[in-house]
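K.L.:
Structure file input22.tsv (TSV, C-alpha atoms) right here:
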```
chain	number	residue	atom	x	y	z
A	4	MET	CA	13.03	-5.00	-14.05
A	5	GLY	CA	12.49	-5.74	-10.39
A	6	ASP	CA	15.13	-6.72	-7.89
A	7	THR	CA	15.16	-10.51	-7.59
A	8	SER	CA	16.35	-10.35	-3.98
A	9	ILE	CA	12.99	-8.86	-2.94
A	10	ILE	CA	10.42	-11.14	-1.31
A	11	ILE	CA	6.81	-9.98	-1.14
A	12	ARG	CA	4.98	-11.51	1.81
A	13	ARG	CA	2.09	-10.88	4.19
A	14	ALA	CA	2.90	-8.42	6.93
A	15	ARG	CA	3.39	-9.72	10.45
A	16	ARG	CA	2.71	-7.98	13.73
A	17	SER	CA	6.46	-7.57	14.16
A	18	ASP	CA	6.52	-5.48	10.94
A	19	VAL	CA	4.07	-2.85	12.18
A	20	ASP	CA	6.72	-0.43	13.48
A	21	LYS	CA	8.63	-0.57	10.17
A	22	ILE	CA	5.43	-0.03	8.17
A	23	VAL	CA	4.40	2.95	10.29
A	24	ALA	CA	7.90	4.43	9.92
A	25	MET	CA	7.56	4.24	6.11
A	26	LEU	CA	4.07	5.75	6.25
A	27	ALA	CA	5.44	8.64	8.32
A	28	ASP	CA	8.46	9.25	6.07
A	29	ASP	CA	7.10	12.14	4.00
A	30	PRO	CA	5.45	15.52	4.64
A	31	LEU	CA	1.89	14.17	4.45
A	32	GLY	CA	2.58	11.07	6.53
A	33	ARG	CA	4.42	12.99	9.24
A	34	GLY	CA	1.21	14.87	9.98
A	35	ARG	CA	-0.93	11.72	10.14
A	36	GLU	CA	1.19	9.17	11.97
A	37	GLN	CA	2.24	8.99	15.60
A	38	LEU	CA	5.78	7.68	15.42
A	39	GLU	CA	7.15	6.97	18.90
A	40	ALA	CA	9.74	4.62	20.38
A	41	SER	CA	6.86	2.44	21.50
A	42	LEU	CA	4.03	2.64	18.99
A	43	PRO	CA	0.56	3.41	20.35
A	44	ASP	CA	-1.66	0.36	20.66
A	45	CYS	CA	-4.06	1.74	18.00
A	46	TYR	CA	-1.64	0.52	15.30
A	47	PHE	CA	-1.63	-3.03	16.65
A	48	GLN	CA	-5.42	-3.04	17.01
A	49	ALA	CA	-5.69	-1.90	13.38
A	50	PHE	CA	-3.24	-4.61	12.31
A	51	ALA	CA	-5.37	-7.26	14.06
A	52	ARG	CA	-8.46	-6.06	12.16
A	53	LEU	CA	-6.57	-6.11	8.85
A	54	GLU	CA	-5.17	-9.56	9.53
A	55	ALA	CA	-8.65	-10.93	10.31
A	56	ASP	CA	-10.25	-9.57	7.11
A	57	ALA	CA	-10.05	-12.02	4.19
A	58	ASN	CA	-10.59	-9.16	1.72
A	59	ILE	CA	-7.52	-7.20	2.84
A	60	GLU	CA	-3.89	-8.06	2.18
A	61	LEU	CA	-1.26	-6.00	4.01
A	62	MET	CA	1.98	-6.89	2.29
A	63	VAL	CA	5.63	-6.04	2.75
A	64	ALA	CA	8.64	-6.18	0.50
A	65	GLU	CA	11.56	-7.76	2.30
A	66	GLU	CA	15.21	-7.71	1.34
A	67	ASN	CA	17.74	-9.75	3.29
A	68	GLY	CA	15.37	-9.88	6.27
A	69	ALA	CA	14.67	-6.13	6.28
A	70	VAL	CA	11.26	-4.64	5.45
A	71	VAL	CA	11.86	-2.13	2.65
A	72	GLY	CA	8.34	-1.56	1.26
A	73	CYS	CA	4.65	-2.10	1.88
A	74	LEU	CA	1.19	-1.81	0.41
A	75	GLN	CA	-2.37	-2.73	1.24
A	76	LEU	CA	-4.72	-4.41	-1.25
A	77	CYS	CA	-8.44	-4.35	-0.50
A	78	ILE	CA	-10.82	-6.53	-2.50
A	79	LEU	CA	-14.16	-4.73	-2.70
A	80	PRO	CA	-17.19	-6.70	-3.89
A	81	GLY	CA	-19.82	-4.65	-5.68
A	82	LEU	CA	-22.94	-4.58	-7.82
A	83	SER	CA	-21.60	-2.10	-10.37
A	84	SER	CA	-20.11	-3.41	-13.61
A	85	GLN	CA	-22.27	-6.54	-13.50
A	86	GLY	CA	-21.34	-7.46	-9.95
A	87	ALA	CA	-17.61	-6.98	-10.43
A	88	SER	CA	-15.18	-6.89	-7.55
A	89	ARG	CA	-12.46	-4.29	-7.65
A	90	GLY	CA	-9.05	-4.12	-6.10
A	91	LEU	CA	-8.10	-0.99	-4.20
A	92	ILE	CA	-4.38	-0.38	-3.66
A	93	GLU	CA	-3.48	1.80	-0.70
A	94	ASP	CA	-0.47	2.94	1.32
A	95	VAL	CA	2.26	2.04	-1.17
A	96	ARG	CA	5.56	3.00	0.41
A	97	VAL	CA	9.21	2.16	-0.10
A	98	ALA	CA	11.91	2.93	2.47
A	99	SER	CA	13.60	6.19	1.46
A	100	ALA	CA	17.04	4.58	1.14
A	101	ARG	CA	15.64	1.97	-1.30
A	102	ARG	CA	13.52	4.17	-3.59
A	103	GLY	CA	14.13	4.15	-7.33
A	104	ARG	CA	15.16	0.49	-7.46
A	105	GLY	CA	11.92	-1.12	-8.66
A	106	ILE	CA	10.56	-2.23	-5.29
A	107	GLY	CA	7.37	-0.16	-5.57
A	108	GLU	CA	6.85	-1.50	-9.07
A	109	GLN	CA	7.18	-5.08	-7.83
A	110	LEU	CA	4.64	-4.41	-5.07
A	111	VAL	CA	2.12	-2.83	-7.45
A	112	HIS	CA	2.53	-5.64	-10.00
A	113	TRP	CA	1.96	-8.15	-7.20
A	114	ALA	CA	-1.25	-6.33	-6.18
A	115	VAL	CA	-2.58	-6.15	-9.75
A	116	ASP	CA	-1.85	-9.84	-10.32
A	117	GLU	CA	-3.46	-10.79	-6.99
A	118	ALA	CA	-6.57	-8.71	-7.71
A	119	ARG	CA	-6.91	-10.38	-11.12
A	120	ALA	CA	-6.44	-13.83	-9.57
A	121	ARG	CA	-9.18	-13.02	-7.04
A	122	GLY	CA	-11.65	-12.17	-9.82
A	123	CYS	CA	-11.45	-8.38	-9.81
A	124	LYS	CA	-12.40	-6.62	-13.04
A	125	LEU	CA	-10.44	-3.46	-12.26
A	126	VAL	CA	-7.83	-2.11	-9.91
A	127	GLU	CA	-7.85	1.43	-8.64
A	128	LEU	CA	-5.83	3.57	-6.30
A	129	LEU	CA	-5.78	7.05	-4.91
A	130	THR	CA	-2.79	9.30	-4.58
A	131	HIS	CA	-2.72	12.76	-3.09
A	132	HIS	CA	-2.86	15.52	-5.69
A	133	THR	CA	0.49	16.88	-4.45
A	134	ARG	CA	2.29	13.59	-5.09
A	135	VAL	CA	3.21	14.39	-8.69
A	136	ASP	CA	6.07	11.87	-8.79
A	137	ALA	CA	3.74	9.12	-7.55
A	138	GLN	CA	1.21	10.03	-10.25
A	139	ARG	CA	3.90	9.69	-12.95
A	140	PHE	CA	4.96	6.36	-11.42
A	141	TYR	CA	1.43	4.95	-11.54
A	142	GLU	CA	0.86	6.21	-15.08
A	143	ARG	CA	4.08	4.48	-16.15
A	144	LEU	CA	2.64	1.25	-14.71
A	145	GLY	CA	-0.51	1.60	-16.83
A	146	PHE	CA	-2.91	3.42	-14.50
A	147	SER	CA	-4.83	6.36	-15.94
A	148	LYS	CA	-6.47	9.34	-14.30
A	149	SER	CA	-10.17	8.53	-14.28
A	150	HIS	CA	-11.86	9.92	-11.17
A	151	ILE	CA	-11.69	12.85	-8.82
A	152	GLY	CA	-11.13	11.64	-5.27
A	153	MET	CA	-12.79	13.37	-2.36
A	154	THR	CA	-12.44	12.80	1.36
A	155	ILE	CA	-13.80	13.84	4.72
A	156	ARG	CA	-11.27	13.48	7.52
A	157	PHE	CA	-12.48	13.12	11.12
```
The structure in this file should be written as structure tokens.
P.N.:
Amino acid sequence: MGDTSIIIRRARRSDVDKIVAMLADDPLGRGREQLEASLPDCYFQAFARLEADANIELMVAEENGAVVGCLQLCILPGLSSQGASRGLIEDVRVASARRGRGIGEQLVHWAVDEARARGCKLVELLTHHTRVDAQRFYERLGFSKSHIGMTIRF
């Protein structure tokens, strides 16, 4: 059962540094993020693009005024499956000191419910093949392995 003191809300510009810190708080994220005392402007430019896109929800979990988790939900319209939209969950993170307390579960449940409410016929996510604990977490929440993800990084 989720922590009732957690509030899930849209991210604000003032949350960007906390979100980036959570994204950088693991071996994979450390190599991708540029965590500095003053974040590079590229993060704030990206936030502005996210905020302006009606098909993207960047959300945070807040506890007693502190950001303790985040995720991004993208609503992707499509022709496949009789014109079904799908929800894509990305960048699920919980602050390391708050892991194991149901916050990630609350965020994912919020995203699934929101995708359903917005007419999506399925919800999908990707997780790195080395994130075995994350894979078990998502399977426990009802997700099943169905595709092989592939990427090209520039």
K.L.:
Set the distance at 6 Å and use all atoms listed in the file: which residues neighbour region 70-85 of chain A once local chain neighbours fewer than 5 positions away are removed? I'd like the list as an MDAnalysis selection string.
P.N.:
chainID A and resid 58:65 90:98
K.L.:
Between A:Phe140, A:Ala57, A:Gly145, A:Ser41, which is the closest to Ile106 (chain A) once you count all atoms listed in the file?
P.N.:
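The closest residue to Ile106 (chain A) is A:Phe140.
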K.L.:
For Gly122 (chain A), work out the shell of residues within 8 Å, counting only C-alpha atoms and skipping chain neighbours fewer than 2 positions away, then give it as a PyMOL selection string.
P.N.:
chain A and resi 87-88+118-120+124
K.L.:
Store the residues of this selection in a file with C-alpha atoms, as a compact mmCIF listing (two decimals), in the frame of the given file.
P.N.:
```txt
# COMPACT_ATOMS: atom_id res chain seq x y z
CA ALA A 87 -17.61 -6.98 -10.43
CA SER A 88 -15.18 -6.89 -7.55
CA ALA A 118 -6.57 -8.71 -7.71
CA ARG A 119 -6.91 -10.38 -11.12
CA ALA A 120 -6.44 -13.83 -9.57
CA LYS A 124 -12.40 -6.62 -13.04
```
K.L.:
When distances are computed from only C-alpha atoms, which of A:Arg89, A:His131, A:His150, A:Phe157 shows the smallest separation from Pro30 (chain A)?
P.N.:
A:His131
K.L.:
As an exercise, work out the distance from CA of Val111 (chain A) to CA of Ile151 (chain A) in Å and give it to one decimal place.
P.N.:
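One can read the CA of Val111 (chain A) to CA of Ile151 (chain A) distance as 20.9 Å.
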K.L.:
Counting all atoms listed in the file, figure out which residue out of A:Phe50, A:Gly32, A:Leu38, A:Pro43 gets nearest to Arg15 (chain A).
P.N.:
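Going through A:Phe50, A:Gly32, A:Leu38, A:Pro43 one by one, the smallest distance to Arg15 (chain A) is for A:Phe50.
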K.L.:
Select all residues near (-0.3, 11.6, 1.4) (cut-off 10 Å, inclusive, file coordinates), counting only C-alpha atoms, and output them as a PDB file with C-alpha atoms, in the coordinates of the input.
P.N.:
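Now in selection_26.pdb:
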```pdb
ATOM      1  CA  LEU A  26       4.070   5.750   6.250  1.00  0.00           C
ATOM      2  CA  ALA A  27       5.440   8.640   8.320  1.00  0.00           C
ATOM      3  CA  ASP A  29       7.100  12.140   4.000  1.00  0.00           C
ATOM      4  CA  PRO A  30       5.450  15.520   4.640  1.00  0.00           C
ATOM      5  CA  LEU A  31       1.890  14.170   4.450  1.00  0.00           C
ATOM      6  CA  GLY A  32       2.580  11.070   6.530  1.00  0.00           C
ATOM      7  CA  ARG A  33       4.420  12.990   9.240  1.00  0.00           C
ATOM      8  CA  GLY A  34       1.210  14.870   9.980  1.00  0.00           C
ATOM      9  CA  ARG A  35      -0.930  11.720  10.140  1.00  0.00           C
ATOM     10  CA  ASP A  94      -0.470   2.940   1.320  1.00  0.00           C
ATOM     11  CA  LEU A 129      -5.780   7.050  -4.910  1.00  0.00           C
ATOM     12  CA  THR A 130      -2.790   9.300  -4.580  1.00  0.00           C
ATOM     13  CA  HIS A 131      -2.720  12.760  -3.090  1.00  0.00           C
ATOM     14  CA  HIS A 132      -2.860  15.520  -5.690  1.00  0.00           C
ATOM     15  CA  THR A 133       0.490  16.880  -4.450  1.00  0.00           C
ATOM     16  CA  ARG A 134       2.290  13.590  -5.090  1.00  0.00           C
TER      17      ARG A 134
END
```
K.L.:
Figure out the distance between CA of Tyr141 (chain A) and CA of Glu66 (chain A), please, to one decimal in Å.
P.N.:
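If I compute the distance from CA of Glu66 (chain A) to CA of Tyr141 (chain A), I get 22.7 Å.
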K.L.:
Using all atoms listed in the file, pick whichever of A:Ser149, A:Val135, A:Glu142, A:Arg16 has the shortest atom-to-atom distance to Gln48 (chain A).
P.N.:
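Going through A:Ser149, A:Val135, A:Glu142, A:Arg16 one by one, the smallest distance to Gln48 (chain A) is for A:Arg16.
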K.L.:
Which residue, A:Ala114, A:Leu53, A:Met153, A:Leu42, has the smallest gap to Arg12 (chain A) when you use all atoms listed in the file?
P.N.:
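Comparing A:Ala114, A:Leu53, A:Met153, A:Leu42 against Arg12 (chain A), the winner is A:Ala114.
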K.L.:
Would you compute the distance between CA of Ile11 (chain A) and CA of Glu108 (chain A)? Give it in Å to one decimal.
P.N.:
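Calculated distance between CA of Ile11 (chain A) and CA of Glu108 (chain A) is 11.6 Å.
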K.L.:
Using only C-alpha atoms, which of the listed residues (A:Asp56, A:Val115, A:Leu125, A:Ala40) sits closest to Gly86 (chain A)?
P.N.:
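Closest residue, counting only C-alpha atoms: A:Leu125.
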K.L.:
Using all atoms listed in the file, determine which residues lie at most 9 Å from Asn67 (chain A), disregarding the query and same-chain residues fewer than 6 positions distant; provide the list as a list in words.
P.N.:
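The contact residues come out as Ser8, Ile9 and Ile10 of chain A.
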